[in-house]
Amino acid sequence: MSELLNDKTALITGAARGIGKQIALLFAREGANIAFTDLEDNELSQATLSEIAALGVQVRFYASDASDFDAAHQVVEAVVRDFGHLDILVNNAGITRDTLLLRMTEQQWDQVIQINLKSAFNFTHAAAPVLMRQRSGSIISLSSVVGINGNAGQANYAASKAGIIALTKSVAKEFGGRNVRCNAIAPGFILTDMTKALPEETLKQFVTMIPMRRGGEPEEVAKVALFLASDLSSYVSGQVIQVNGAMA
Ligand code: NAD
C-alpha cells in the first residue's frame, strides 16, 4: 500500500499526548519522519517517542515552550539541521483556563492567548521561510468549534481559536504563491485529557448537543490532519475543516 507522507518531515507541537500524539502516530504510519515538541521531557514524551520509533521512522523530541518566540525558532532550526528539511507543521499545543468572563483574571486571558494563539504565530513565523524556499509545505493549526461559534465560559479560549482561523486565512493568502498551504481544523468535542478534566455533568450535556451522540476520538481528528498534510489536499488552502459529529 502506498504511504501518503513518504520522505516528508512533520513537526507537531504539544504532541506528548492527546490529538497531537495521534497525529504524530498516524503521520508516522504514513511514512513521515516526526519531530515533536512538548513542555517537558518526561515519561509521557518518552513513551510517545518510543511508540513512534517502533513504527520505523526517524523521530526526535524537543522539550520546548511553544509560546516562546525564540525557543520556537530554535526548534525549527534544530529540526532542519537534524532532518535535512521540514515539510509539514502542525500547530497543536493548546490549553484551556475556563471561567465566565466576569470572573476571568487578566492572567487567565493572557495565558490562553499566549499559548494558543502566539505559539501558532511563533512556529508559523519560524517555519515559513523554510517552506517557502522549498516551494512546498503544509501548515495545519488546531482551532475549535468554539472559535467559530463562541462559548459561554470560554471567552479567552474561543478568542484564541478564532484568532487561529484569521491567522490561517491570512497566511494562506501570503504564502499561496510559493505553494505553501495553510489550513485549520476545528474539532468539536474530542475525548482527550483536556476534555476529561470537565465535570461529569458537563460531559453528559455536551454529548446531548452532538447529533452523532458521542465525543470524537483523537484519531478522527488525525485523519483530517493527514488529508491536509498530504497531496490529497493539494489545492486546499485557507480553509477551516470542522470535525464535530455535526455539532453546530
Ligand atoms: P491535551 O491537553 O491532551 O494536549 C495538549 C498538549 O499540549 C499537552 O501535551 C501539553 O503539555 C502541550 N502543551 C501545552 N502548552 C504547551 C506549550 N506552551 N508548549 C508546548 N506544548 C504545550 O489537549 P488536546 O485535547 O489533545 O488538544 C490539542 C489541541 O486541539 C489544542 O490546541 C486544543 O485546543 C485543540 N482542541 C481540542 C479539543 C478537544 O475536545 N479535546 C477540541 C477543539 C480543539
# chains A, B, ... in the order shown; residues from 1 in each chain; ligands from 1

call {"tool": "residues_near_ligand", "arguments": {"ligand": "ligand 1", "cutoff": "9 Å", "atoms": "only C-alpha atoms and all ligand atoms", "output": "PyMOL selection string"}}
result
chain A and resi 13-22+37-40+44-45+63-68+91-96+114-116+119+141-147+157+161+185-196+215-218+221+243-244

call {"tool": "select_by_dssp", "arguments": {"residues": "stretch 20-58 of chain A", "states": "strand (DSSP E)", "output": "JSON, numbers by chain"}}
result
{"A": [33, 34, 35, 36, 37, 38]}

call {"tool": "write_last_selection", "arguments": {"atoms": "all heavy atoms", "output": "CSV table (one decimal), in the first residue's frame"}}
result
chain,number,residue,atom,x,y,z
A,33,ASN,N,8.8,11.2,8.7
A,33,ASN,CA,9.7,11.3,9.9
A,33,ASN,C,9.1,12.4,10.8
A,33,ASN,O,8.5,13.4,10.3
A,33,ASN,CB,11.1,11.7,9.4
A,33,ASN,CG,11.7,10.6,8.7
A,33,ASN,OD1,11.6,9.4,9.1
A,33,ASN,ND2,12.4,10.9,7.6
A,34,ILE,N,9.2,12.2,12.1
A,34,ILE,CA,8.5,13.0,13.1
A,34,ILE,C,9.4,13.8,14.0
A,34,ILE,O,10.2,13.2,14.7
A,34,ILE,CB,7.5,12.2,13.9
A,34,ILE,CG1,6.6,11.3,13.0
A,34,ILE,CG2,6.7,13.0,14.9
A,34,ILE,CD1,5.5,12.1,12.2
A,35,ALA,N,9.2,15.1,14.1
A,35,ALA,CA,9.7,15.9,15.1
A,35,ALA,C,8.6,16.4,15.9
A,35,ALA,O,7.6,16.9,15.4
A,35,ALA,CB,10.5,17.1,14.5
A,36,PHE,N,8.7,16.3,17.3
A,36,PHE,CA,7.6,16.8,18.1
A,36,PHE,C,8.1,17.5,19.3
A,36,PHE,O,9.2,17.3,19.8
A,36,PHE,CB,6.5,15.7,18.4
A,36,PHE,CG,6.9,14.7,19.4
A,36,PHE,CD1,6.5,14.8,20.8
A,36,PHE,CD2,7.7,13.6,19.1
A,36,PHE,CE1,6.9,13.9,21.7
A,36,PHE,CE2,8.1,12.7,20.0
A,36,PHE,CZ,7.7,12.8,21.4
A,37,THR,N,7.3,18.4,19.8
A,37,THR,CA,7.6,19.2,21.0
A,37,THR,C,6.6,19.0,22.1
A,37,THR,O,5.5,18.5,21.8
A,37,THR,CB,7.6,20.7,20.7
A,37,THR,OG1,6.3,21.2,20.7
A,37,THR,CG2,8.3,21.1,19.5
A,38,ASP,N,7.0,19.3,23.3
A,38,ASP,CA,6.1,19.4,24.4
A,38,ASP,C,6.8,20.2,25.5
A,38,ASP,O,8.0,20.4,25.4
A,38,ASP,CB,5.5,18.1,24.9
A,38,ASP,CG,4.0,18.3,25.4
A,38,ASP,OD1,3.8,19.0,26.4
A,38,ASP,OD2,3.1,17.8,24.8

call {"tool": "select_by_dssp", "arguments": {"residues": "stretch 39-217 of chain A", "states": "helix (DSSP H, G or I)", "output": "VMD selection string"}}
result
chain A and resid 43 to 53 69 to 83 101 to 103 106 to 134 145 to 149 155 to 178 193 to 196 200 to 208

call {"tool": "write_last_selection", "arguments": {"atoms": "C-alpha atoms", "output": "CSV table (one decimal), in the first residue's frame"}}
result
chain,number,residue,atom,x,y,z
A,43,GLU,CA,7.5,9.7,30.9
A,44,LEU,CA,4.7,10.9,28.6
A,45,SER,CA,7.0,12.4,26.0
A,46,GLN,CA,9.4,9.4,26.2
A,47,ALA,CA,6.5,6.9,25.8
A,48,THR,CA,5.3,8.8,22.7
A,49,LEU,CA,8.9,8.9,21.3
A,50,SER,CA,9.2,5.1,21.7
A,51,GLU,CA,5.8,4.4,20.1
A,52,ILE,CA,6.7,6.5,17.1
A,53,ALA,CA,10.2,5.0,16.8
A,69,PHE,CA,9.2,33.1,20.2
A,70,ASP,CA,13.0,32.5,20.3
A,71,ALA,CA,12.6,28.9,21.5
A,72,ALA,CA,10.2,28.2,18.6
A,73,HIS,CA,12.8,29.5,16.1
A,74,GLN,CA,15.5,27.3,17.8
A,75,VAL,CA,13.3,24.2,17.4
A,76,VAL,CA,12.7,24.8,13.7
A,77,GLU,CA,16.4,25.4,13.2
A,78,ALA,CA,17.2,22.2,15.0
A,79,VAL,CA,14.6,20.2,13.0
A,80,VAL,CA,16.1,21.4,9.7
A,81,ARG,CA,19.6,20.5,11.0
A,82,ASP,CA,18.5,17.1,12.3
A,83,PHE,CA,16.2,16.0,9.5
A,101,LEU,CA,-15.8,36.5,31.6
A,102,LEU,CA,-16.7,38.5,34.7
A,103,ARG,CA,-14.6,36.1,36.8
A,106,GLU,CA,-6.0,39.0,33.4
A,107,GLN,CA,-3.6,36.1,33.8
A,108,GLN,CA,-6.2,33.6,32.5
A,109,TRP,CA,-6.8,35.7,29.5
A,110,ASP,CA,-3.1,36.3,28.8
A,111,GLN,CA,-2.0,32.7,29.3
A,112,VAL,CA,-4.6,31.3,26.9
A,113,ILE,CA,-3.9,33.8,24.2
A,114,GLN,CA,-0.1,33.5,24.6
A,115,ILE,CA,-0.1,29.7,24.5
A,116,ASN,CA,-2.9,29.0,21.9
A,117,LEU,CA,-2.5,31.9,19.5
A,118,LYS,CA,1.0,33.2,19.9
A,119,SER,CA,2.5,29.7,19.7
A,120,ALA,CA,0.9,29.2,16.3
A,121,PHE,CA,2.4,32.6,15.2
A,122,ASN,CA,5.8,31.7,16.6
A,123,PHE,CA,6.1,28.4,14.7
A,124,THR,CA,4.5,29.6,11.5
A,125,HIS,CA,7.0,32.6,11.5
A,126,ALA,CA,9.9,30.2,12.1
A,127,ALA,CA,8.9,27.5,9.6
A,128,ALA,CA,7.6,29.8,6.8
A,129,PRO,CA,11.0,30.8,5.3
A,130,VAL,CA,12.0,27.1,5.1
A,131,LEU,CA,8.7,26.0,3.4
A,132,MET,CA,8.7,29.0,1.1
A,133,ARG,CA,12.3,28.3,-0.1
A,134,GLN,CA,11.3,24.7,-0.8
A,145,VAL,CA,-15.8,24.9,17.0
A,146,VAL,CA,-15.9,27.5,19.8
A,147,GLY,CA,-13.6,29.7,17.7
A,148,ILE,CA,-16.4,29.7,15.2
A,149,ASN,CA,-19.5,29.8,17.5
A,155,ALA,CA,-14.2,33.7,26.0
A,156,ASN,CA,-10.3,33.5,26.2
A,157,TYR,CA,-10.1,30.1,24.6
A,158,ALA,CA,-12.7,31.0,21.9
A,159,ALA,CA,-11.0,34.2,21.1
A,160,SER,CA,-7.6,32.4,20.7
A,161,LYS,CA,-9.2,29.8,18.4
A,162,ALA,CA,-10.9,32.5,16.3
A,163,GLY,CA,-7.5,34.2,16.1
A,164,ILE,CA,-6.1,30.9,14.7
A,165,ILE,CA,-8.7,31.0,11.9
A,166,ALA,CA,-7.8,34.5,10.9
A,167,LEU,CA,-4.1,33.7,11.1
A,168,THR,CA,-4.6,30.7,8.9
A,169,LYS,CA,-6.6,32.5,6.2
A,170,SER,CA,-4.1,35.4,6.2
A,171,VAL,CA,-1.0,33.3,5.8
A,172,ALA,CA,-2.7,31.1,3.2
A,173,LYS,CA,-3.0,34.3,1.1
A,174,GLU,CA,0.5,35.4,1.8
A,175,PHE,CA,2.2,32.0,1.1
A,176,GLY,CA,0.0,30.7,-1.6
A,177,GLY,CA,2.2,31.9,-4.4
A,178,ARG,CA,5.0,29.8,-3.0
A,193,ASP,CA,-7.2,14.6,28.8
A,194,MET,CA,-8.3,18.2,28.1
A,195,THR,CA,-12.0,17.3,28.0
A,196,LYS,CA,-11.8,14.5,30.6
A,200,GLU,CA,-19.1,14.6,34.5
A,201,GLU,CA,-22.4,16.6,34.2
A,202,THR,CA,-20.8,19.0,31.6
A,203,LEU,CA,-19.5,16.0,29.7
A,204,LYS,CA,-23.0,14.4,29.5
A,205,GLN,CA,-24.5,17.8,28.4
A,206,PHE,CA,-22.0,18.1,25.6
A,207,VAL,CA,-22.9,14.7,24.2
A,208,THR,CA,-26.6,15.5,24.1

call {"tool": "atom_distance", "arguments": {"atom1": "atom CA of A:Leu11", "atom2": "atom CA of A:Ser230"}}
result
13.9 Å

call {"tool": "closest_residue", "arguments": {"among": "A:Val180, A:Val57, A:Val224, A:Met247", "to": "A:Asn6", "atoms": "only C-alpha atoms"}}
result
A:Val57

call {"tool": "residues_around", "arguments": {"residues": "A:Ser233", "least_positions_apart": "3", "cutoff": "12 Å", "atoms": "only C-alpha atoms", "output": "JSON, numbers by chain"}}
result
{"A": [4, 137, 138, 139, 140, 180, 181, 182, 183, 224, 225, 226, 227, 228, 229, 230, 236, 237, 238, 239, 241]}

call {"tool": "write_last_selection", "arguments": {"atoms": "N, CA and C atoms", "output": "short mmCIF file (atom, residue, chain, number, x, y, z; two decimals), in the first residue's frame"}}
result
data_model
loop_
_atom_site.label_atom_id
_atom_site.label_comp_id
_atom_site.auth_asym_id
_atom_site.auth_seq_id
_atom_site.Cartn_x
_atom_site.Cartn_y
_atom_site.Cartn_z
N LEU A 4 1.18 7.92 2.29
CA LEU A 4 0.86 9.28 1.83
C LEU A 4 1.93 10.31 2.15
N GLY A 137 4.83 23.02 1.09
CA GLY A 137 4.66 22.83 2.53
C GLY A 137 3.21 22.91 2.91
N SER A 138 2.90 22.32 4.08
CA SER A 138 1.54 22.37 4.58
C SER A 138 1.58 22.75 6.06
N ILE A 139 0.86 23.82 6.39
CA ILE A 139 0.75 24.25 7.79
C ILE A 139 -0.68 23.98 8.23
N ILE A 140 -0.81 23.29 9.37
CA ILE A 140 -2.13 22.94 9.89
C ILE A 140 -2.20 23.44 11.33
N VAL A 180 2.80 27.05 -0.54
CA VAL A 180 2.71 26.65 0.87
C VAL A 180 1.25 26.81 1.28
N ARG A 181 0.65 25.69 1.68
CA ARG A 181 -0.77 25.71 2.04
C ARG A 181 -0.93 25.86 3.55
N CYS A 182 -2.04 26.44 3.95
CA CYS A 182 -2.26 26.69 5.37
C CYS A 182 -3.74 26.50 5.67
N ASN A 183 -4.05 25.56 6.56
CA ASN A 183 -5.45 25.26 6.88
C ASN A 183 -5.62 25.06 8.38
N VAL A 224 -8.12 13.82 9.50
CA VAL A 224 -8.31 15.07 8.73
C VAL A 224 -6.97 15.79 8.58
N ALA A 225 -6.15 15.73 9.63
CA ALA A 225 -4.80 16.33 9.54
C ALA A 225 -3.99 15.63 8.45
N LEU A 226 -4.18 14.31 8.33
CA LEU A 226 -3.46 13.57 7.28
C LEU A 226 -3.88 14.04 5.90
N PHE A 227 -5.16 14.23 5.72
CA PHE A 227 -5.68 14.76 4.44
C PHE A 227 -5.03 16.11 4.13
N LEU A 228 -4.99 16.99 5.14
CA LEU A 228 -4.46 18.35 4.91
C LEU A 228 -2.93 18.34 4.74
N ALA A 229 -2.26 17.37 5.33
CA ALA A 229 -0.79 17.31 5.23
C ALA A 229 -0.36 16.74 3.89
N SER A 230 -1.18 15.89 3.30
CA SER A 230 -0.78 15.12 2.12
C SER A 230 -1.23 15.79 0.82
N VAL A 236 -6.16 22.69 -1.62
CA VAL A 236 -6.97 23.15 -0.48
C VAL A 236 -6.12 24.04 0.39
N SER A 237 -6.46 25.31 0.51
CA SER A 237 -5.72 26.22 1.39
C SER A 237 -6.62 27.34 1.88
N GLY A 238 -6.34 27.81 3.08
CA GLY A 238 -7.13 28.89 3.67
C GLY A 238 -8.47 28.40 4.21
N GLN A 239 -8.58 27.10 4.47
CA GLN A 239 -9.87 26.52 4.88
C GLN A 239 -9.89 26.11 6.35
N ILE A 241 -11.68 23.12 8.54
CA ILE A 241 -12.49 21.90 8.46
C ILE A 241 -12.97 21.53 9.87
#

call {"tool": "decode", "arguments": {"residues": "stretch 96-132 of chain A", "atoms": "C-alpha atoms", "output": "short mmCIF file (atom, residue, chain, number, x, y, z; two decimals), in the first residue's frame"}}
result
data_model
loop_
_atom_site.label_atom_id
_atom_site.label_comp_id
_atom_site.auth_asym_id
_atom_site.auth_seq_id
_atom_site.Cartn_x
_atom_site.Cartn_y
_atom_site.Cartn_z
CA THR A 96 -7.90 25.93 28.48
CA ARG A 97 -8.44 28.21 31.50
CA ASP A 98 -12.25 28.21 31.53
CA THR A 99 -14.40 30.59 33.51
CA LEU A 100 -17.13 33.17 32.90
CA LEU A 101 -15.84 36.48 31.59
CA LEU A 102 -16.65 38.50 34.70
CA ARG A 103 -14.62 36.06 36.81
CA MET A 104 -11.76 35.79 34.33
CA THR A 105 -8.44 37.13 35.56
CA GLU A 106 -6.03 39.03 33.36
CA GLN A 107 -3.61 36.13 33.81
CA GLN A 108 -6.17 33.57 32.55
CA TRP A 109 -6.79 35.71 29.48
CA ASP A 110 -3.09 36.33 28.75
CA GLN A 111 -2.02 32.72 29.30
CA VAL A 112 -4.56 31.27 26.87
CA ILE A 113 -3.89 33.85 24.15
CA GLN A 114 -0.13 33.46 24.64
CA ILE A 115 -0.13 29.65 24.47
CA ASN A 116 -2.88 29.01 21.94
CA LEU A 117 -2.51 31.90 19.51
CA LYS A 118 1.03 33.21 19.89
CA SER A 119 2.51 29.69 19.68
CA ALA A 120 0.91 29.25 16.25
CA PHE A 121 2.36 32.59 15.15
CA ASN A 122 5.80 31.66 16.55
CA PHE A 123 6.07 28.36 14.70
CA THR A 124 4.48 29.65 11.51
CA HIS A 125 6.95 32.57 11.54
CA ALA A 126 9.88 30.21 12.10
CA ALA A 127 8.86 27.54 9.57
CA ALA A 128 7.56 29.78 6.77
CA PRO A 129 10.97 30.77 5.30
CA VAL A 130 11.97 27.08 5.12
CA LEU A 131 8.73 26.02 3.44
CA MET A 132 8.71 28.99 1.05
#
